[in-house]
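Written out below as structure tokens is the structure these notes cover.
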Amino acid sequence: VDPKLYAAKQHLYKYQQALERILQEITGKPADSVSVFEPGVSYVAGWHAVGMLAISVWGLEAFHATEFERHPQWESAATETFRFLSEHCATCGAKMPELRARIVCEPCRERLDAAELNRILTGTVARQTLAYVADVRGDLEAES
Ligand SMILES: [Zn+2]
């Protein structure tokens with residue numbers, strides 16, 4: 001296993017654990033997403049699974065307002081996840097320049113075939129990550 005990819009998976013796993021814990025505390029049901037370390041789970045599949053968890057945490061907030069108030073750490077867990085997703089390549093986990101909204105790094109863009117790249121870039125998690133970056137950028141511009 002490529003040590004860089006392994007390290008990136010460890011990060012993904014950390015976010016996955018935090019999000020699953022919150023979902024379980026709020027809904028009372030175990031969140032069963034595929035572990036990013038399960039054999040055969042590619043980095044991009046793990047990336048997608050973790051992004052979907054963060055999206056479901058955000059989505060559930062409207063329906064479980066009281067429970068979410070009791071677990072205020074949900075917001076930072078979801079936000080930290082999207083910060084990580086926005087700063088690291090979706091397919092190799094390499095760190096990318098901050099807030100560039102690229103999703104996939106340059107070498108991976110060259111390596112992937114057009115259909116695969118398109119699938120990643122137009123997926124739910126990519127769109128949510130881009131929305132997060134746009135939000136953060138908007139806030140930064142409002143401050144300056
Ligand atoms: Zn990459």
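Residue numbering restarts at 1 for every chain of the structure tokens, chains are lettered A, B, ... in their displayed order, and ligands are numbered from 1 as they appear.
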
Within 8 Å of ligand 1, which residues of chain A show up? Give each one with its shortest atom-to-atom distance in Å (one decimal) and the two atoms involved, counting only C-alpha atoms and all ligand atoms, rows by chain then rising residue number, as a Markdown table.
| residue | atom | partner | partner_atom_place_in_ligand_line | distance |
| --- | --- | --- | --- | --- |
| A:His88 | CA | ligand 1 | 1 (Zn) | 7.8 |
| A:Cys89 | CA | ligand 1 | 1 (Zn) | 4.6 |
| A:Ala90 | CA | ligand 1 | 1 (Zn) | 6.5 |
| A:Thr91 | CA | ligand 1 | 1 (Zn) | 5.1 |
| A:Cys92 | CA | ligand 1 | 1 (Zn) | 4.1 |
| A:Gly93 | CA | ligand 1 | 1 (Zn) | 6.0 |
| A:Ala94 | CA | ligand 1 | 1 (Zn) | 5.5 |
| A:Val104 | CA | ligand 1 | 1 (Zn) | 5.5 |
| A:Cys105 | CA | ligand 1 | 1 (Zn) | 4.3 |
| A:Glu106 | CA | ligand 1 | 1 (Zn) | 6.7 |
| A:Pro107 | CA | ligand 1 | 1 (Zn) | 6.0 |
| A:Cys108 | CA | ligand 1 | 1 (Zn) | 4.3 |
| A:Arg109 | CA | ligand 1 | 1 (Zn) | 7.3 |

DSSP alpha helix (DSSP H) residues within chain A, as a ChimeraX atom specification:
/A:3-27,43-61,65-70,73-87,106-111,114-121,124-143

Which of these, A:Ala62, A:Met52, A:Ala45, A:Ala142, has the shortest distance to A:Ala31 once you count only C-alpha atoms?
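Nearest to A:Ala31: A:Met52.
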
Calculate how many Å separate atom CA of A:Leu130 from atom CA of A:Arg83, rounding to one decimal.
10.4 Å

Residues near A:Glu69, cut-off 12 Å, only C-alpha atoms, skip fewer than 6 positions along chain, as a list in words:
Ile22, Glu25, Ile26, Glu61, Ala62, Phe63 and Glu75 of chain A

From the list A:Phe37, A:Tyr132, A:Phe82, A:Trp74, which residue is nearest A:Gln10 when using only C-alpha atoms?
A:Phe37

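Using only C-alpha atoms, the smallest distance between any of A:Ser86, A:Tyr43, A:Pro97, A:Leu112 and A:Ala134 comes from A:Ser86.
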
Taking only C-alpha atoms into account, name the residue in A:Ala115, A:Ile55, A:Ala65, A:Glu143 that is nearest to A:Gln128.
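Among the listed residues, the smallest separation from A:Gln128 belongs to A:Ile55.
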
Non-local contacts of A:Ser35 (12 Å; only C-alpha atoms; under 2 positions in same chain excluded) as a PyMOL selection string:
chain A and resi 9-10+12-17+20+31-33+37-43+45-50+53

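From atom CA of A:Ala126 back to atom CA of A:Ala114, the distance works out to 15.8 Å.
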
Taking into account only C-alpha atoms, which residue in the set A:Thr27, A:Thr81, A:Asn118, A:Thr124 is nearest to A:His11?
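Ranking A:Thr27, A:Thr81, A:Asn118, A:Thr124 by distance to A:His11, first place goes to A:Thr81.
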